[in-house]
Amino acid sequence: MDESQSNAVRADAFRILAASHVRIEPPFAPEARGLVEQTDLLADCIGVQVRRTWDACGREGDDFVLSSTVMSSQISGNVAMSTRLFDGIERRCGRRPLAIMDSYMCTGWGFALRMFANRTGVRSATVVIADVDVEDLQFRRGHRPIGHMSFGITVAVVGMPTQRPDAATCDGPFSGSAFNDLVWAMKKQRAQWQPDLTLMPFVREEMDAVARRVIGADGMLPNRFPEYGHCFGSDTWISVTHHLIDSPAQGSQSMLMGAIAFNGYYTICKMLTDQETRVSFDTLDAGLPAILSYLAGRNA
Amino acid sequence: MKAASVVIAGTPSVSARAKLRAMPFPGVAVKACLRRVPLADDREFAQIASMEISPPEPVLISPGQRYELLAEIVDSVRARIDGLGLVIVLLTGSEFLIPLPASLLSDSVALTHDPQPLLSRMLAEGQSNLVCISQWLRSDGFVPGDNTIEVALWAATSPAREAFLAVATPEGLFRRFESLEVRVDG
């Protein structure tokens with residue numbers, strides 16, 4: 001790709017300023033006295049992570065939204081509880097989220113970025129992917145078509161592209177899980193955009209094999225399903241963090257990031273990272289002592 | 001669980017409210033959308049049981065019907081109002097294996113648990129002709145609601161305001177609501 005093509009790539013891509021993931025082993029705060037206390041702790045965890053991620057990249061005051069697949073309807077569908085969640089987040093990071101966008105499931109971050117890019121004039125935005133199962137239902141840890149699943153919180157701080165309408169693609173509904181539709185769309189976009197790297201959701205190995213055969217395995221980051229299982233909307237963000245921790249970017253790298261919602265939607269976003277991109281990955285035992293220690297900054 | 005209620009600061013250019021008092025798709029057989037949640041033990045059964053609700057509203061729709069009603073309203077305002085901005089819809093959670101219709105996944109729609117902050121953000125940017133759909137439609141599962149819906153147009157241009165008034169009628173936007181309690185403000 002010559003320099004003019006490279007500049008064109010940069011113009012229609014989001015820039016990842018920072019990405020952090022905290023993997024949270026269930027059950028979440030089992031010592032807590034009910035949903036209210038769990039919600040307060042969840043708000044603390046989100047707010048602290050947002051603040052630390054903003055501090056890491058020197059960016060403050062972004063508009064931000066929450067996306068989720070497993071957020072309890074007792075929180076997102078209840079004004080008192082969602083207000084309590086937002087109050088707690090604001091106390092910890094100094095800003096209040098604009099929305100919980102949990103109807104898009106695992107693709108919520110892509111729909112949120114599309115909204116920021118295409119419908120606002122903001123220069124950067126933060127998307128929080130909060131998948132913590134406060135109800136601790138066993139079926140959410142493993143699901144027949146999906147396989148085993150992991151929980152956690154991702155905070156992604158993203159600069160907006162210059163050519164805004166071209167950066168995020170969201171489509172659906174498709175029959176089935178939209179995985180096949182994502183694979184074909186990724187193949188097409190990859191041929192057109194020629195990214196350095198391709199990032200797909202964590203899926204069963206047989207599905208991943210199909211994706212690698214159709215899209216092409218070169219430049220595709222590892223499928224971490226054997227290690228983590230499916231991590232809802234966080235999959236590709238975990239890939240980014242691991243990639244940059246293992247191989248810190250020396251220059252700009254272009255990435256095509258894809259995600260599916262098993263209800264039949266997909267999102268594909270064009271991304272750039274560079275040597276300024278800040279990433280972190282931590283694992284948190286979600287017992288109350290470990291959470292309190294994490295909030296106090298004594299680990300993770 | 002308490003039903004969501006939303007109070008948006010300020011006054012919309014024009015708004016209309018309706019209430020569902022009868023089945024919106026009379027005479028149509030509806031496939032049951034509910035799934036059995038694979039609960040593991042007594043604690044999980046108790047957890048889910050605590051979420052059960054018994055709202056007094058007699059009309060109960062399926063999650064798919066709720067999506068269909070919202071998509072119809074989005075399509076109607078989009079078709080009738082030129083220069084429409086973002087349509088912000090109060091919708092939380094997801095129904096596994098019941099996909100959202102394409103209209104609700106569109107670039108011109110944002111689904112959120114509370115329209116107010118997003119609306120305020122868009123208004124602060126000087127955007128016009130923004131629509132908020134706040135709905136409390138009771139549906140199968142754990143979705144409470146008093147079966148009311150409000151459609152409001154904010155920062156409206158004069159042509160958009162007129163177009164909204166023309167479509168927000170018992171025969172138009174609210175035809176599934178059997179012309180119930182339609183009120184126009186502003």
# chains A, B, ... in the order shown; residues from 1 in each chain; ligands from 1
$ interface_residues --of "chain B" --to "chain A" --cutoff "10 Å" --atoms "only C-alpha atoms" --output "MDAnalysis selection string"
chainID B and resid 1:6 37:41 43:45 47:48 51 85:86 90:122 125 127 142:144
$ residues_around --residues "range 155-160 of chain A" --least-positions-apart "3" --cutoff "9 Å" --atoms "only C-alpha atoms" --output "PyMOL selection string"
chain A and resi 12-22+46+49-50+53-54+57+59+62+64+109+113+116-117+121-130+163-164+167+237+271
$ residues_around --residues "Ala155 in chain B" --least-positions-apart "5" --cutoff "12 Å" --atoms "only C-alpha atoms" --output "PyMOL selection string"
chain B and resi 10-15+83-86+119-120+122-132+160-161+186
$ atom_distance --atom1 "CA of Arg224 in chain A" --atom2 "CA of Val203 in chain A"
8.1 Å
$ select_by_dssp --residues "chain B" --states "helix (DSSP H, G or I)" --output "ChimeraX atom specification"
/B:42-49,63-80,102-105,115-124,158-167,175-177
$ select_by_dssp --residues "range 89-203 of chain A" --states "strand (DSSP E or B)" --output "PyMOL selection string"
chain A and resi 100-101+124-131+142-143+147-149+152-159+168-171+197-199
$ closest_residue --among "B:Ala152, B:Val167, B:Gly141, B:Val89" --to "Leu70 in chain B" --atoms "only C-alpha atoms"
B:Val89
$ closest_residue --among "B:Ile61, B:Ile73, B:Ala32, B:Leu165" --to "Ile149 in chain B" --atoms "only C-alpha atoms"
B:Ile73
$ residues_around --residues "Leu221 in chain A" --least-positions-apart "2" --cutoff "8 Å" --atoms "only C-alpha atoms" --output "list of chain:residue names"
A:Leu197, A:Thr198, A:Leu199, A:Met200, A:Gly219, A:Asn223, A:Ser239, A:His243
$ write_last_selection --atoms "N, CA and C atoms" --output "PDB file, in the first residue's frame"
ATOM      1  N   LEU A 197      -4.164  -5.995  10.387  1.00  0.00           N
ATOM      2  CA  LEU A 197      -4.648  -7.061  11.262  1.00  0.00           C
ATOM      3  C   LEU A 197      -6.169  -7.216  11.150  1.00  0.00           C
ATOM      4  N   THR A 198      -6.626  -8.430  11.397  1.00  0.00           N
ATOM      5  CA  THR A 198      -8.064  -8.714  11.406  1.00  0.00           C
ATOM      6  C   THR A 198      -8.400  -9.349  12.747  1.00  0.00           C
ATOM      7  N   LEU A 199      -9.448  -8.826  13.375  1.00  0.00           N
ATOM      8  CA  LEU A 199      -9.824  -9.301  14.711  1.00  0.00           C
ATOM      9  C   LEU A 199     -11.257  -9.796  14.685  1.00  0.00           C
ATOM     10  N   MET A 200     -11.419 -11.043  15.061  1.00  0.00           N
ATOM     11  CA  MET A 200     -12.749 -11.663  15.062  1.00  0.00           C
ATOM     12  C   MET A 200     -13.163 -12.021  16.490  1.00  0.00           C
ATOM     13  N   GLY A 219      -2.518 -12.352   9.199  1.00  0.00           N
ATOM     14  CA  GLY A 219      -2.874 -11.104   9.862  1.00  0.00           C
ATOM     15  C   GLY A 219      -4.063 -11.215  10.794  1.00  0.00           C
ATOM     16  N   ASN A 223      -7.593 -16.715  17.946  1.00  0.00           N
ATOM     17  CA  ASN A 223      -8.894 -16.936  18.560  1.00  0.00           C
ATOM     18  C   ASN A 223      -8.639 -17.393  19.998  1.00  0.00           C
ATOM     19  N   SER A 239      -8.345  -8.965  22.326  1.00  0.00           N
ATOM     20  CA  SER A 239      -7.312  -9.236  21.311  1.00  0.00           C
ATOM     21  C   SER A 239      -6.381  -8.047  21.145  1.00  0.00           C
ATOM     22  N   HIS A 243      -2.454  -8.130  21.991  1.00  0.00           N
ATOM     23  CA  HIS A 243      -1.540  -7.894  20.867  1.00  0.00           C
ATOM     24  C   HIS A 243      -0.554  -6.766  21.195  1.00  0.00           C
TER      25      HIS A 243
END
